[in-house]
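Student: Got a file for you: final.pdb, PDB, C-alpha atoms and all ligand atoms.
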```pdb
ATOM      1  CA  MET N   1     -16.387  38.628  -8.386
ATOM      2  CA  ASN N   2     -12.594  38.595  -8.667
ATOM      3  CA  PRO N   3     -11.142  40.090 -11.826
ATOM      4  CA  LEU N   4     -10.354  37.686 -14.651
ATOM      5  CA  ILE N   5      -6.895  39.198 -15.159
ATOM      6  CA  GLU N   6      -4.855  41.196 -12.657
ATOM      7  CA  VAL N   7      -1.680  42.985 -13.644
ATOM      8  CA  ARG N   8       0.362  44.249 -10.709
ATOM      9  CA  ASP N   9       3.368  46.514 -11.154
ATOM     10  CA  LEU N  10       4.311  44.707 -14.335
ATOM     11  CA  SER N  11       7.610  45.613 -15.961
ATOM     12  CA  TYR N  12       9.116  43.810 -18.909
ATOM     13  CA  THR N  13      12.520  44.158 -20.521
ATOM     14  CA  TYR N  14      13.431  42.364 -23.763
ATOM     15  CA  ARG N  15      16.961  40.921 -23.734
ATOM     16  CA  ALA N  16      17.229  41.808 -20.053
ATOM     17  CA  GLY N  17      20.738  41.826 -18.657
ATOM     18  CA  THR N  18      22.359  42.516 -22.044
ATOM     19  CA  SER N  19      23.594  45.830 -23.401
ATOM     20  CA  GLY N  20      20.722  45.740 -25.940
ATOM     21  CA  GLY N  21      17.975  45.490 -23.298
ATOM     22  CA  VAL N  22      14.687  47.237 -24.207
ATOM     23  CA  LYS N  23      12.329  48.192 -21.419
ATOM     24  CA  ALA N  24       8.938  47.673 -23.049
ATOM     25  CA  LEU N  25       6.657  47.927 -19.988
ATOM     26  CA  SER N  26       7.154  49.790 -16.756
ATOM     27  CA  ARG N  27       5.006  49.343 -13.692
ATOM     28  CA  VAL N  28       1.726  48.627 -15.394
ATOM     29  CA  ASN N  29      -1.316  48.084 -13.177
ATOM     30  CA  LEU N  30      -4.551  46.861 -14.658
ATOM     31  CA  GLU N  31      -7.562  44.663 -14.019
ATOM     32  CA  VAL N  32      -9.759  43.012 -16.595
ATOM     33  CA  LYS N  33     -13.247  42.086 -15.422
ATOM     34  CA  HIS N  34     -15.222  39.040 -16.495
ATOM     35  CA  GLY N  35     -17.397  39.787 -19.505
ATOM     36  CA  GLU N  36     -15.841  43.148 -20.283
ATOM     37  CA  PHE N  37     -14.845  44.465 -23.719
ATOM     38  CA  LEU N  38     -11.523  46.215 -23.246
ATOM     39  CA  ALA N  39      -9.707  48.038 -26.047
ATOM     40  CA  ILE N  40      -5.986  48.709 -25.769
ATOM     41  CA  THR N  41      -4.577  51.354 -28.035
ATOM     42  CA  GLY N  42      -1.454  53.495 -28.294
ATOM     43  CA  GLN N  43       1.068  54.301 -30.985
ATOM     44  CA  ASN N  44       3.595  51.868 -32.464
ATOM     45  CA  GLY N  45       6.019  50.536 -29.900
ATOM     46  CA  SER N  46       3.969  51.712 -26.903
ATOM     47  CA  GLY N  47       3.897  48.197 -25.437
ATOM     48  CA  LYS N  48       0.441  46.859 -26.374
ATOM     49  CA  SER N  49       1.591  43.504 -27.723
ATOM     50  CA  THR N  50       4.119  43.034 -24.952
ATOM     51  CA  LEU N  51       1.358  43.576 -22.394
ATOM     52  CA  ALA N  52      -1.077  41.275 -24.205
ATOM     53  CA  ARG N  53       1.496  38.476 -24.458
ATOM     54  CA  HIS N  54       1.540  38.319 -20.669
ATOM     55  CA  PHE N  55      -2.186  37.552 -20.538
ATOM     56  CA  ASN N  56      -1.694  33.933 -21.575
ATOM     57  CA  GLY N  57       1.878  33.459 -20.497
ATOM     58  CA  LEU N  58       3.596  33.897 -23.884
ATOM     59  CA  LEU N  59       5.805  36.264 -21.899
ATOM     60  CA  THR N  60       6.446  36.233 -18.171
ATOM     61  CA  PRO N  61       7.040  39.387 -16.120
ATOM     62  CA  SER N  62      10.537  40.750 -15.561
ATOM     63  CA  GLU N  63       9.065  42.377 -12.450
ATOM     64  CA  GLY N  64       5.616  42.372 -10.886
ATOM     65  CA  GLU N  65       2.948  39.784 -11.583
ATOM     66  CA  VAL N  66       0.115  38.826 -13.887
ATOM     67  CA  LEU N  67      -2.654  36.615 -12.528
ATOM     68  CA  VAL N  68      -5.350  34.928 -14.589
ATOM     69  CA  GLU N  69      -8.197  33.695 -12.382
ATOM     70  CA  GLY N  70      -5.661  33.983  -9.583
ATOM     71  CA  LEU N  71      -3.074  31.824 -11.397
ATOM     72  CA  SER N  72       0.331  33.423 -11.861
ATOM     73  CA  VAL N  73       1.666  33.313 -15.427
ATOM     74  CA  ALA N  74       5.165  33.053 -13.966
ATOM     75  CA  GLU N  75       4.441  29.486 -12.780
ATOM     76  CA  ARG N  76       5.098  27.046 -15.617
ATOM     77  CA  ALA N  77       2.639  24.579 -14.155
ATOM     78  CA  ASN N  78      -0.188  27.120 -14.545
ATOM     79  CA  ILE N  79       0.355  27.735 -18.257
ATOM     80  CA  PRO N  80      -1.895  24.981 -19.694
ATOM     81  CA  ALA N  81      -4.810  26.133 -17.487
ATOM     82  CA  ILE N  82      -4.149  29.778 -18.350
ATOM     83  CA  ARG N  83      -4.088  29.005 -22.098
ATOM     84  CA  ARG N  84      -7.470  27.314 -21.766
ATOM     85  CA  LEU N  85      -8.847  30.475 -20.166
ATOM     86  CA  VAL N  86      -7.259  33.025 -22.485
ATOM     87  CA  GLY N  87      -7.055  32.508 -26.262
ATOM     88  CA  MET N  88      -4.973  34.662 -28.611
ATOM     89  CA  VAL N  89      -5.646  35.846 -32.150
ATOM     90  CA  PHE N  90      -2.908  37.668 -34.068
ATOM     91  CA  GLN N  91      -2.678  40.117 -36.912
ATOM     92  CA  ASN N  92      -1.897  37.725 -39.705
ATOM     93  CA  PRO N  93      -4.354  34.837 -40.032
ATOM     94  CA  ASP N  94      -1.988  32.987 -42.391
ATOM     95  CA  ASN N  95       0.320  32.297 -39.473
ATOM     96  CA  GLN N  96      -2.492  30.736 -37.491
ATOM     97  CA  LEU N  97      -4.085  28.472 -40.074
ATOM     98  CA  ILE N  98      -2.419  25.130 -40.631
ATOM     99  CA  SER N  99      -4.918  22.694 -42.139
ATOM    100  CA  SER N 100      -6.147  22.422 -45.698
ATOM    101  CA  VAL N 101      -9.812  22.338 -44.663
ATOM    102  CA  VAL N 102     -11.590  24.970 -42.561
ATOM    103  CA  GLU N 103     -13.261  22.554 -40.142
ATOM    104  CA  GLU N 104      -9.995  20.732 -39.491
ATOM    105  CA  ASP N 105      -8.411  24.028 -38.656
ATOM    106  CA  VAL N 106     -11.135  24.877 -36.179
ATOM    107  CA  ALA N 107     -10.702  21.406 -34.621
ATOM    108  CA  PHE N 108      -6.961  21.788 -34.126
ATOM    109  CA  GLY N 109      -7.170  23.596 -30.770
ATOM    110  CA  PRO N 110      -9.738  21.318 -29.124
ATOM    111  CA  GLU N 111      -7.883  18.235 -30.425
ATOM    112  CA  ASN N 112      -4.894  19.383 -28.434
ATOM    113  CA  LEU N 113      -6.990  19.589 -25.274
ATOM    114  CA  GLY N 114      -7.365  15.809 -25.251
ATOM    115  CA  LEU N 115     -11.159  15.884 -25.581
ATOM    116  CA  SER N 116     -13.307  13.016 -26.868
ATOM    117  CA  PRO N 117     -14.042  13.004 -30.629
ATOM    118  CA  PHE N 118     -17.708  13.678 -29.798
ATOM    119  CA  GLU N 119     -16.875  16.734 -27.699
ATOM    120  CA  ILE N 120     -14.480  17.997 -30.388
ATOM    121  CA  ARG N 121     -17.164  17.686 -33.066
ATOM    122  CA  GLN N 122     -19.681  19.512 -30.902
ATOM    123  CA  ARG N 123     -17.290  22.368 -30.233
ATOM    124  CA  VAL N 124     -16.305  22.682 -33.882
ATOM    125  CA  ASP N 125     -19.972  22.686 -34.956
ATOM    126  CA  GLN N 126     -20.776  25.318 -32.372
ATOM    127  CA  ALA N 127     -17.857  27.620 -33.215
ATOM    128  CA  ILE N 128     -18.625  27.363 -36.944
ATOM    129  CA  LYS N 129     -22.270  28.170 -36.269
ATOM    130  CA  ILE N 130     -21.552  31.136 -34.000
ATOM    131  CA  LEU N 131     -19.218  32.692 -36.574
ATOM    132  CA  LYS N 132     -21.580  31.792 -39.448
ATOM    133  CA  LEU N 133     -18.928  29.853 -41.330
ATOM    134  CA  GLU N 134     -21.186  26.942 -42.333
ATOM    135  CA  ASN N 135     -20.757  27.636 -46.051
ATOM    136  CA  LEU N 136     -16.985  27.618 -45.793
ATOM    137  CA  ARG N 137     -16.682  24.547 -43.629
ATOM    138  CA  PHE N 138     -15.175  22.258 -46.283
ATOM    139  CA  GLU N 139     -13.219  24.947 -48.127
ATOM    140  CA  SER N 140      -9.477  25.319 -48.048
ATOM    141  CA  PRO N 141      -8.415  28.327 -45.955
ATOM    142  CA  ASN N 142      -6.080  29.241 -48.844
ATOM    143  CA  TYR N 143      -9.055  30.208 -50.980
ATOM    144  CA  LEU N 144     -10.712  32.463 -48.413
ATOM    145  CA  SER N 145     -10.551  36.240 -48.154
ATOM    146  CA  GLU N 146      -8.315  37.653 -45.435
ATOM    147  CA  GLY N 147     -11.394  38.542 -43.382
ATOM    148  CA  GLN N 148     -12.812  35.031 -43.709
ATOM    149  CA  LYS N 149      -9.440  33.575 -42.718
ATOM    150  CA  GLN N 150      -9.408  35.734 -39.625
ATOM    151  CA  LEU N 151     -12.896  34.478 -38.722
ATOM    152  CA  VAL N 152     -11.648  30.883 -39.085
ATOM    153  CA  ALA N 153      -8.727  31.700 -36.775
ATOM    154  CA  ILE N 154     -11.187  33.168 -34.265
ATOM    155  CA  ALA N 155     -13.410  30.063 -34.572
ATOM    156  CA  GLY N 156     -10.379  27.893 -33.748
ATOM    157  CA  VAL N 157      -9.798  29.856 -30.564
ATOM    158  CA  LEU N 158     -13.516  29.890 -29.741
ATOM    159  CA  ALA N 159     -13.658  26.078 -30.015
ATOM    160  CA  MET N 160     -11.258  25.929 -27.074
ATOM    161  CA  LYS N 161     -14.051  27.583 -25.031
ATOM    162  CA  PRO N 162     -11.908  30.305 -23.479
ATOM    163  CA  SER N 163     -13.268  32.839 -20.965
ATOM    164  CA  CYS N 164     -11.337  35.557 -22.750
ATOM    165  CA  ILE N 165     -10.047  36.191 -26.270
ATOM    166  CA  VAL N 166      -7.164  38.598 -26.804
ATOM    167  CA  LEU N 167      -6.959  39.935 -30.353
ATOM    168  CA  ASP N 168      -3.756  41.713 -31.357
ATOM    169  CA  GLU N 169      -4.713  44.015 -34.254
ATOM    170  CA  PRO N 170      -6.855  41.343 -35.896
ATOM    171  CA  THR N 171      -8.085  43.675 -38.631
ATOM    172  CA  ALA N 172      -4.783  45.332 -39.558
ATOM    173  CA  HIS N 173      -4.495  43.412 -42.852
ATOM    174  CA  LEU N 174      -8.167  43.554 -43.778
ATOM    175  CA  ASP N 175     -10.099  45.752 -46.172
ATOM    176  CA  PRO N 176     -12.954  47.847 -44.728
ATOM    177  CA  ARG N 177     -15.510  45.130 -45.317
ATOM    178  CA  GLY N 178     -13.391  42.412 -43.704
ATOM    179  CA  ARG N 179     -12.675  44.756 -40.836
ATOM    180  CA  ARG N 180     -16.365  45.410 -40.266
ATOM    181  CA  GLU N 181     -17.195  41.715 -40.420
ATOM    182  CA  VAL N 182     -14.514  40.718 -37.938
ATOM    183  CA  LEU N 183     -15.405  43.536 -35.547
ATOM    184  CA  GLU N 184     -19.111  42.674 -35.643
ATOM    185  CA  ASN N 185     -18.307  39.074 -34.787
ATOM    186  CA  ILE N 186     -16.002  40.077 -31.951
ATOM    187  CA  ARG N 187     -18.763  42.272 -30.500
ATOM    188  CA  ARG N 188     -21.262  39.446 -30.814
ATOM    189  CA  LEU N 189     -18.947  37.020 -28.993
ATOM    190  CA  ASN N 190     -18.804  39.536 -26.164
ATOM    191  CA  ARG N 191     -22.506  40.381 -25.995
ATOM    192  CA  GLU N 192     -24.106  37.062 -26.809
ATOM    193  CA  GLU N 193     -21.536  34.494 -25.690
ATOM    194  CA  GLY N 194     -20.313  36.446 -22.656
ATOM    195  CA  ILE N 195     -16.674  36.143 -23.724
ATOM    196  CA  THR N 196     -14.301  38.729 -22.299
ATOM    197  CA  ILE N 197     -12.661  40.568 -25.191
ATOM    198  CA  ILE N 198      -9.340  42.383 -25.162
ATOM    199  CA  LEU N 199      -8.865  44.119 -28.493
ATOM    200  CA  LEU N 200      -5.557  45.747 -29.397
ATOM    201  CA  THR N 201      -6.162  48.228 -32.165
ATOM    202  CA  HIS N 202      -4.962  51.338 -33.955
ATOM    203  CA  PHE N 203      -8.445  52.017 -35.293
ATOM    204  CA  MET N 204     -10.436  54.383 -33.109
ATOM    205  CA  ASP N 205     -13.625  53.407 -34.906
ATOM    206  CA  GLU N 206     -13.100  49.917 -33.489
ATOM    207  CA  ALA N 207     -12.165  51.131 -30.022
ATOM    208  CA  ILE N 208     -15.423  53.098 -29.636
ATOM    209  CA  HIS N 209     -17.358  49.851 -29.243
ATOM    210  CA  CYS N 210     -15.538  48.820 -26.075
ATOM    211  CA  ASP N 211     -16.690  49.283 -22.469
ATOM    212  CA  ARG N 212     -13.320  50.616 -21.454
ATOM    213  CA  MET N 213     -10.317  51.860 -23.348
ATOM    214  CA  ILE N 214      -6.691  51.973 -22.308
ATOM    215  CA  VAL N 215      -4.074  54.105 -24.011
ATOM    216  CA  MET N 216      -0.480  52.934 -23.700
ATOM    217  CA  ASN N 217       2.466  55.269 -24.096
ATOM    218  CA  ARG N 218       6.127  54.304 -23.723
ATOM    219  CA  GLY N 219       5.315  51.168 -21.763
ATOM    220  CA  LYS N 220       2.862  52.818 -19.376
ATOM    221  CA  VAL N 221      -0.905  53.103 -19.102
ATOM    222  CA  GLU N 222      -1.442  56.753 -19.908
ATOM    223  CA  MET N 223      -5.242  57.040 -20.093
ATOM    224  CA  GLU N 224      -8.062  54.733 -19.077
ATOM    225  CA  GLY N 225     -11.847  54.995 -19.150
ATOM    226  CA  PRO N 226     -15.006  54.646 -21.231
ATOM    227  CA  PRO N 227     -14.278  55.774 -24.815
ATOM    228  CA  ALA N 228     -16.722  58.723 -24.980
ATOM    229  CA  GLY N 229     -15.012  60.566 -22.145
ATOM    230  CA  MET N 230     -11.550  59.851 -23.534
ATOM    231  CA  PHE N 231     -12.052  61.490 -26.910
ATOM    232  CA  ARG N 232     -13.285  64.631 -25.199
ATOM    233  CA  GLN N 233      -9.716  65.134 -23.963
ATOM    234  CA  ARG N 234      -8.637  66.221 -27.410
ATOM    235  CA  ASP N 235      -5.178  67.579 -26.643
ATOM    236  CA  GLN N 236      -4.159  64.526 -24.692
ATOM    237  CA  ILE N 237      -5.435  62.164 -27.401
ATOM    238  CA  LEU N 238      -3.425  64.075 -30.026
ATOM    239  CA  SER N 239      -0.288  64.188 -27.881
ATOM    240  CA  LEU N 240      -0.467  60.393 -27.516
ATOM    241  CA  GLY N 241      -0.374  60.047 -31.299
ATOM    242  CA  LEU N 242      -3.954  58.870 -31.640
ATOM    243  CA  ASN N 243      -6.637  60.110 -33.967
ATOM    244  CA  PHE N 244     -10.385  60.477 -33.509
ATOM    245  CA  PRO N 245     -13.305  58.310 -34.526
ATOM    246  CA  VAL N 246     -14.954  59.509 -37.738
ATOM    247  CA  ALA N 247     -18.090  60.684 -35.880
ATOM    248  CA  ALA N 248     -16.009  62.736 -33.430
ATOM    249  CA  GLN N 249     -14.121  64.367 -36.330
ATOM    250  CA  LEU N 250     -17.341  65.208 -38.105
ATOM    251  CA  ALA N 251     -18.933  66.598 -34.925
ATOM    252  CA  GLU N 252     -15.877  68.791 -34.345
ATOM    253  CA  GLY N 253     -16.091  70.107 -37.917
ATOM    254  CA  LEU N 254     -19.774  70.931 -37.465
ATOM    255  CA  ARG N 255     -19.133  72.609 -34.116
ATOM    256  CA  LEU N 256     -16.523  74.822 -35.764
ATOM    257  CA  ARG N 257     -19.228  75.847 -38.226
ATOM    258  CA  GLY N 258     -21.414  76.924 -35.327
ATOM    259  CA  ILE N 259     -23.629  73.869 -34.961
ATOM    260  CA  ASP N 260     -24.246  73.109 -31.311
ATOM    261  CA  LEU N 261     -23.301  69.470 -30.700
ATOM    262  CA  PRO N 262     -22.181  67.699 -27.494
ATOM    263  CA  ASP N 263     -18.415  67.205 -27.172
ATOM    264  CA  ASP N 264     -18.528  63.482 -26.418
ATOM    265  CA  ILE N 265     -19.925  62.173 -29.696
ATOM    266  CA  ILE N 266     -18.145  59.057 -30.953
ATOM    267  CA  HIS N 267     -20.828  57.036 -32.764
ATOM    268  CA  PRO N 268     -22.343  58.032 -36.141
ATOM    269  CA  GLU N 269     -25.874  57.431 -34.797
ATOM    270  CA  GLU N 270     -25.280  60.063 -32.115
ATOM    271  CA  ILE N 271     -24.588  62.731 -34.749
ATOM    272  CA  ILE N 272     -27.608  61.673 -36.766
ATOM    273  CA  ASN N 273     -29.852  61.850 -33.683
ATOM    274  CA  CYS N 274     -28.539  65.281 -32.690
ATOM    275  CA  LEU N 275     -28.914  66.688 -36.199
ATOM    276  CA  CYS N 276     -32.445  65.340 -36.502
ATOM    277  CA  ARG N 277     -33.349  67.052 -33.266
ATOM    278  CA  LEU N 278     -31.779  70.329 -34.430
ATOM    279  CA  LYS N 279     -33.483  70.167 -37.835
TER     280      LYS N 279
HETATM  281  N1  LIG N 301      11.199  40.693 -29.557
HETATM  282  C1  LIG N 301      11.601  41.906 -29.202
HETATM  283  N2  LIG N 301      12.909  42.155 -28.896
HETATM  284  C2  LIG N 301      13.314  43.390 -28.528
HETATM  285  N3  LIG N 301      12.510  44.452 -28.417
HETATM  286  C3  LIG N 301      11.213  44.282 -28.692
HETATM  287  C4  LIG N 301      10.685  43.008 -29.115
HETATM  288  N4  LIG N 301       9.360  43.134 -29.328
HETATM  289  C5  LIG N 301       9.074  44.428 -29.058
HETATM  290  N5  LIG N 301      10.171  45.111 -28.678
HETATM  291  C6  LIG N 301      10.231  46.546 -28.273
HETATM  292  O1  LIG N 301       9.376  46.728 -27.162
HETATM  293  C7  LIG N 301       8.654  47.943 -27.260
HETATM  294  C8  LIG N 301       7.156  47.667 -27.228
HETATM  295  O2  LIG N 301       6.828  46.910 -28.387
HETATM  296  P1  LIG N 301       5.378  46.300 -28.626
HETATM  297  O3  LIG N 301       5.497  45.384 -29.798
HETATM  298  O4  LIG N 301       4.856  45.740 -27.363
HETATM  299  O5  LIG N 301       4.548  47.608 -29.006
HETATM  300  P2  LIG N 301       3.125  47.735 -29.704
HETATM  301  O6  LIG N 301       2.417  48.817 -28.968
HETATM  302  O7  LIG N 301       2.470  46.417 -29.793
HETATM  303  O8  LIG N 301       3.512  48.286 -31.149
HETATM  304  P3  LIG N 301       2.737  48.086 -32.548
HETATM  305  O9  LIG N 301       1.606  49.060 -32.541
HETATM  306  O10 LIG N 301       3.771  48.458 -33.569
HETATM  307  O11 LIG N 301       2.296  46.668 -32.662
HETATM  308  C9  LIG N 301       9.137  48.604 -28.543
HETATM  309  O12 LIG N 301      10.165  49.495 -28.197
HETATM  310  C10 LIG N 301       9.682  47.456 -29.343
HETATM  311  O13 LIG N 301      10.693  47.883 -30.210
HETATM  312 MG    MG N 302       1.796  45.262 -31.409
END
```
Could I get this file's structure written as structure tokens?
Tutor:
Amino acid sequence: MNPLIEVRDLSYTYRAGTSGGVKALSRVNLEVKHGEFLAITGQNGSGKSTLARHFNGLLTPSEGEVLVEGLSVAERANIPAIRRLVGMVFQNPDNQLISSVVEEDVAFGPENLGLSPFEIRQRVDQAIKILKLENLRFESPNYLSEGQKQLVAIAGVLAMKPSCIVLDEPTAHLDPRGRREVLENIRRLNREEGITIILLTHFMDEAIHCDRMIVMNRGKVEMEGPPAGMFRQRDQILSLGLNFPVAAQLAEGLRLRGIDLPDDIIHPEEIINCLCRLK
């Protein structure tokens, strides 16, 4: 099957052609497969958001190309189709919620697709059910927790039935519980609904759940691969300004105390299993 998203030699410069031009991406190559859970990480200013904004045509390449299901984001005529395929969720849910009732908010996206009222209702019902928001359906988003608001924003995107959802640091403003809740739902959308997920995050304990992780540095893809192998490359991870998942930190601490543990541990259950075996 063809990739869902293809990025070919993508460069992007903000305020190109002016003295204040900022080259945010340089010659990025990347493919995103259907159904994959991709995490994109990297320190502040490394180009994650700039890259992600090309996936649904919020930005268009300065050089190179970005294709979504073969459609170039540089062609204006392709943008509506591309936005139906790729939905975006941002850091701050307050900027994405507009209605005074949760279900109206979820309906906003599908209403703009020109669907029949019946189809809209079905999609809203389904999105609310998948994200388990039934109890909040008639609430005002203003009275929800930040985590609940983010789930409503995700439901609104889900109701557009995209193939792929791009989430740009969706848990940055959330407390640990909200963060866990949002992450669990994102993982469920990937596993159970088959939605391709692209998660931009600073939290390594979120990134460990992906199939593949990309580390950006100064506008380039610096590392790429399944997360377990990546965190084994300790020096490189540190030099890219990243930290380690909690389980990897704990395993390293135990290794330094002479306990024999594998060097690719990233999930808490892996430590528990190893320690149980060691007794
Ligand atoms: N609207 C803009 N105008 C000019 N420069 C910008 C703009 N947005 C981003 N940049 C610059 O582009 C580079 C990449 O920024 P980008 O926001 O893509 O990074 P990021 O990895 O998402 O960072 P963060 O982790 O802080 O969200 C940075 O040097 C940034 O200052
Ligand atoms: Mg960003």
Student: Go through N:Leu51, N:Ala74, N:Leu97, N:Ala16 one by one, measure the shortest atom-to-atom distance of each to N:Leu200 using only C-alpha atoms, and give the residue with the smallest value.
Tutor: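 The answer is N:Leu51, which sits nearest to N:Leu200.
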Student: Check which residues satisfy the PyMOL selection byres (((not hetatm)) within 6 of (chain N and resi 301)) in the file shown, then give them as a PyMOL selection string.
Tutor: chain N and resi 14+22+24+43-50
Student: Take the residues just selected and output them with C-alpha atoms as a tab-separated table (two decimals), keeping the file's coordinate frame.
Tutor:
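Result written to again-v6.tsv:
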```
chain	number	residue	atom	x	y	z
N	14	TYR	CA	13.43	42.36	-23.76
N	22	VAL	CA	14.69	47.24	-24.21
N	24	ALA	CA	8.94	47.67	-23.05
N	43	GLN	CA	1.07	54.30	-30.98
N	44	ASN	CA	3.60	51.87	-32.46
N	45	GLY	CA	6.02	50.54	-29.90
N	46	SER	CA	3.97	51.71	-26.90
N	47	GLY	CA	3.90	48.20	-25.44
N	48	LYS	CA	0.44	46.86	-26.37
N	49	SER	CA	1.59	43.50	-27.72
N	50	THR	CA	4.12	43.03	-24.95
```
Student: Ranking N:Arg83, N:Arg212, N:Arg27, N:Arg53 by minimum distance to ligand MG 302 (chain N) and counting only C-alpha atoms and all ligand atoms, which one comes first?
Tutor: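 Closest candidate: N:Arg53.
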Student: I'd like to know which of N:Asn78, N:Ser62, N:Asn273, N:Gln91 is closest to ligand MG 302 (chain N), using only C-alpha atoms and all ligand atoms.
Tutor: N:Gln91
Student: So that I can check the surroundings of N:Leu238, please list as a PyMOL selection string every protein, DNA and RNA residue that reaches within 12 Å of it, counting only C-alpha atoms and ignoring chain neighbours fewer than 5 positions away.
Tutor: chain N and resi 42-43+215+230-233+243-244
Student: Within 12 Å of (-16.0, 14.9, -33.0) (file coordinates; only C-alpha atoms), which protein or nucleic acid residues are there? I'd like them as a compact mmCIF listing (two decimals) with C-alpha atoms, keeping the file's coordinate frame.
Tutor:
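And here's point-v6.txt as it stands now:
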```
# COMPACT_ATOMS: atom_id res chain seq x y z
CA GLU N 103 -13.26 22.55 -40.14
CA GLU N 104 -9.99 20.73 -39.49
CA VAL N 106 -11.14 24.88 -36.18
CA ALA N 107 -10.70 21.41 -34.62
CA PHE N 108 -6.96 21.79 -34.13
CA PRO N 110 -9.74 21.32 -29.12
CA GLU N 111 -7.88 18.24 -30.42
CA GLY N 114 -7.36 15.81 -25.25
CA LEU N 115 -11.16 15.88 -25.58
CA SER N 116 -13.31 13.02 -26.87
CA PRO N 117 -14.04 13.00 -30.63
CA PHE N 118 -17.71 13.68 -29.80
CA GLU N 119 -16.88 16.73 -27.70
CA ILE N 120 -14.48 18.00 -30.39
CA ARG N 121 -17.16 17.69 -33.07
CA GLN N 122 -19.68 19.51 -30.90
CA ARG N 123 -17.29 22.37 -30.23
CA VAL N 124 -16.30 22.68 -33.88
CA ASP N 125 -19.97 22.69 -34.96
CA GLN N 126 -20.78 25.32 -32.37
CA ALA N 159 -13.66 26.08 -30.02
```
Student: Pick from N:Glu139, N:Glu36, N:Glu184, N:Glu169: nearest to ligand MG 302 (chain N), with only C-alpha atoms and all ligand atoms counted?
Tutor: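 Answer, going by the shortest atom-to-atom distance: N:Glu169.
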Student: On this structure, which residues satisfy the PyMOL selection byres (((chain N and resi 185-197) around 10) and not hetatm), written as an MDAnalysis selection string?
Tutor: chainID N and resid 4 32:39 86:87 130:132 151 154 158 161:167 180:184 198:200 206 209:211
Student: Output as JSON the centre and edge lengths (Å, one decimal) of the box along x, y and z of the file that holds every listed atom of stretch 64-76 of chain N after adding 8 Å on each side.
Tutor:
```
{"center_x": -1.3, "center_y": 34.7, "center_z": -12.6, "size_x": 29.8, "size_y": 31.3, "size_z": 22.0}
```
Student: N:Ser26: which residues within 6 Å, counting all atoms listed in the file, same-chain residues fewer than 5 positions away excluded, as a PyMOL selection string?
Tutor: chain N and resi 11+219-220
Student: Leaving out N:Ser145 and any residue of its chain fewer than 5 positions from it, which residues lie within 12 Å of it when counting all atoms listed in the file, given as a list in words?
Tutor: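 Here the qualifying residues turn out to be Pro93, Asp94, Leu136, Glu139, Ser140, Gln150, Leu151, Val152, His173, Leu174, Asp175, Arg177, Gly178, Arg179, Glu181 and Val182 of chain N.
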Student: Could you write those residues out with C-alpha atoms, as a PDB file, in the frame of the given file?
Tutor:
```
ATOM      1  CA  PRO N  93      -4.354  34.837 -40.032  1.00  0.00           C
ATOM      2  CA  ASP N  94      -1.988  32.987 -42.391  1.00  0.00           C
ATOM      3  CA  LEU N 136     -16.985  27.618 -45.793  1.00  0.00           C
ATOM      4  CA  GLU N 139     -13.219  24.947 -48.127  1.00  0.00           C
ATOM      5  CA  SER N 140      -9.477  25.319 -48.048  1.00  0.00           C
ATOM      6  CA  GLN N 150      -9.408  35.734 -39.625  1.00  0.00           C
ATOM      7  CA  LEU N 151     -12.896  34.478 -38.722  1.00  0.00           C
ATOM      8  CA  VAL N 152     -11.648  30.883 -39.085  1.00  0.00           C
ATOM      9  CA  HIS N 173      -4.495  43.412 -42.852  1.00  0.00           C
ATOM     10  CA  LEU N 174      -8.167  43.554 -43.778  1.00  0.00           C
ATOM     11  CA  ASP N 175     -10.099  45.752 -46.172  1.00  0.00           C
ATOM     12  CA  ARG N 177     -15.510  45.130 -45.317  1.00  0.00           C
ATOM     13  CA  GLY N 178     -13.391  42.412 -43.704  1.00  0.00           C
ATOM     14  CA  ARG N 179     -12.675  44.756 -40.836  1.00  0.00           C
ATOM     15  CA  GLU N 181     -17.195  41.715 -40.420  1.00  0.00           C
ATOM     16  CA  VAL N 182     -14.514  40.718 -37.938  1.00  0.00           C
TER      17      VAL N 182
END
```
Student: Given the choices N:Val221, N:Val101, N:Leu71, N:Leu240, which gets closest to N:Phe138 if the distance is worked out from only C-alpha atoms?
Tutor: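 For N:Phe138, the nearest of the candidates is N:Val101.
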Student: Quick one: residues within 12 Å of (-20.1, 68.3, -25.4) (file frame), counting only C-alpha atoms, please, as a list of chain:residue names.
Tutor: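 Checking each residue against the 12 Å limit leaves N:Ala228, N:Gly229, N:Phe231, N:Arg232, N:Gln233, N:Arg234, N:Ala248, N:Ala251, N:Glu252, N:Arg255, N:Ile259, N:Asp260, N:Leu261, N:Pro262, N:Asp263, N:Asp264, N:Ile265, N:Ile266, N:Glu270, N:Ile271, N:Cys274.
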Student: Nearest residue to N:Asn56 out of N:Glu222, N:Glu6, N:Asp235, N:Asp105, using only C-alpha atoms?
Tutor: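 Of N:Glu222, N:Glu6, N:Asp235, N:Asp105, the one nearest N:Asn56, counting only C-alpha atoms, is N:Glu6.
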Student: Measure the distance from atom CA of N:Ile82 to atom CA of N:Gly57 in Å and round it to one decimal.
Tutor: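 Separating atom CA of N:Ile82 from atom CA of N:Gly57 is a distance of 7.4 Å.
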Student: Could you tell me how far atom CA of N:His267 sits from atom CA of N:Asp205, in Å to one decimal place?
Tutor: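 Atom CA of N:His267 lies at a distance of 8.3 Å from atom CA of N:Asp205.
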Student: Suppose you want the space between atom CA of N:Ile214 and atom CA of N:Ala52; what is it in Å?
Tutor: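 One can read the atom CA of N:Ile214 to atom CA of N:Ala52 distance as 12.2 Å.
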Student: For the provided coordinates, the residues matched by the PyMOL selection byres (((chain N and resi 64) around 7) and not hetatm) should be stated as a CSV table (one decimal) with C-alpha atoms, in the frame of the given file.
Tutor:
```csv
chain,number,residue,atom,x,y,z
N,8,ARG,CA,0.4,44.2,-10.7
N,9,ASP,CA,3.4,46.5,-11.2
N,10,LEU,CA,4.3,44.7,-14.3
N,11,SER,CA,7.6,45.6,-16.0
N,61,PRO,CA,7.0,39.4,-16.1
N,62,SER,CA,10.5,40.8,-15.6
N,63,GLU,CA,9.1,42.4,-12.4
N,65,GLU,CA,2.9,39.8,-11.6
```
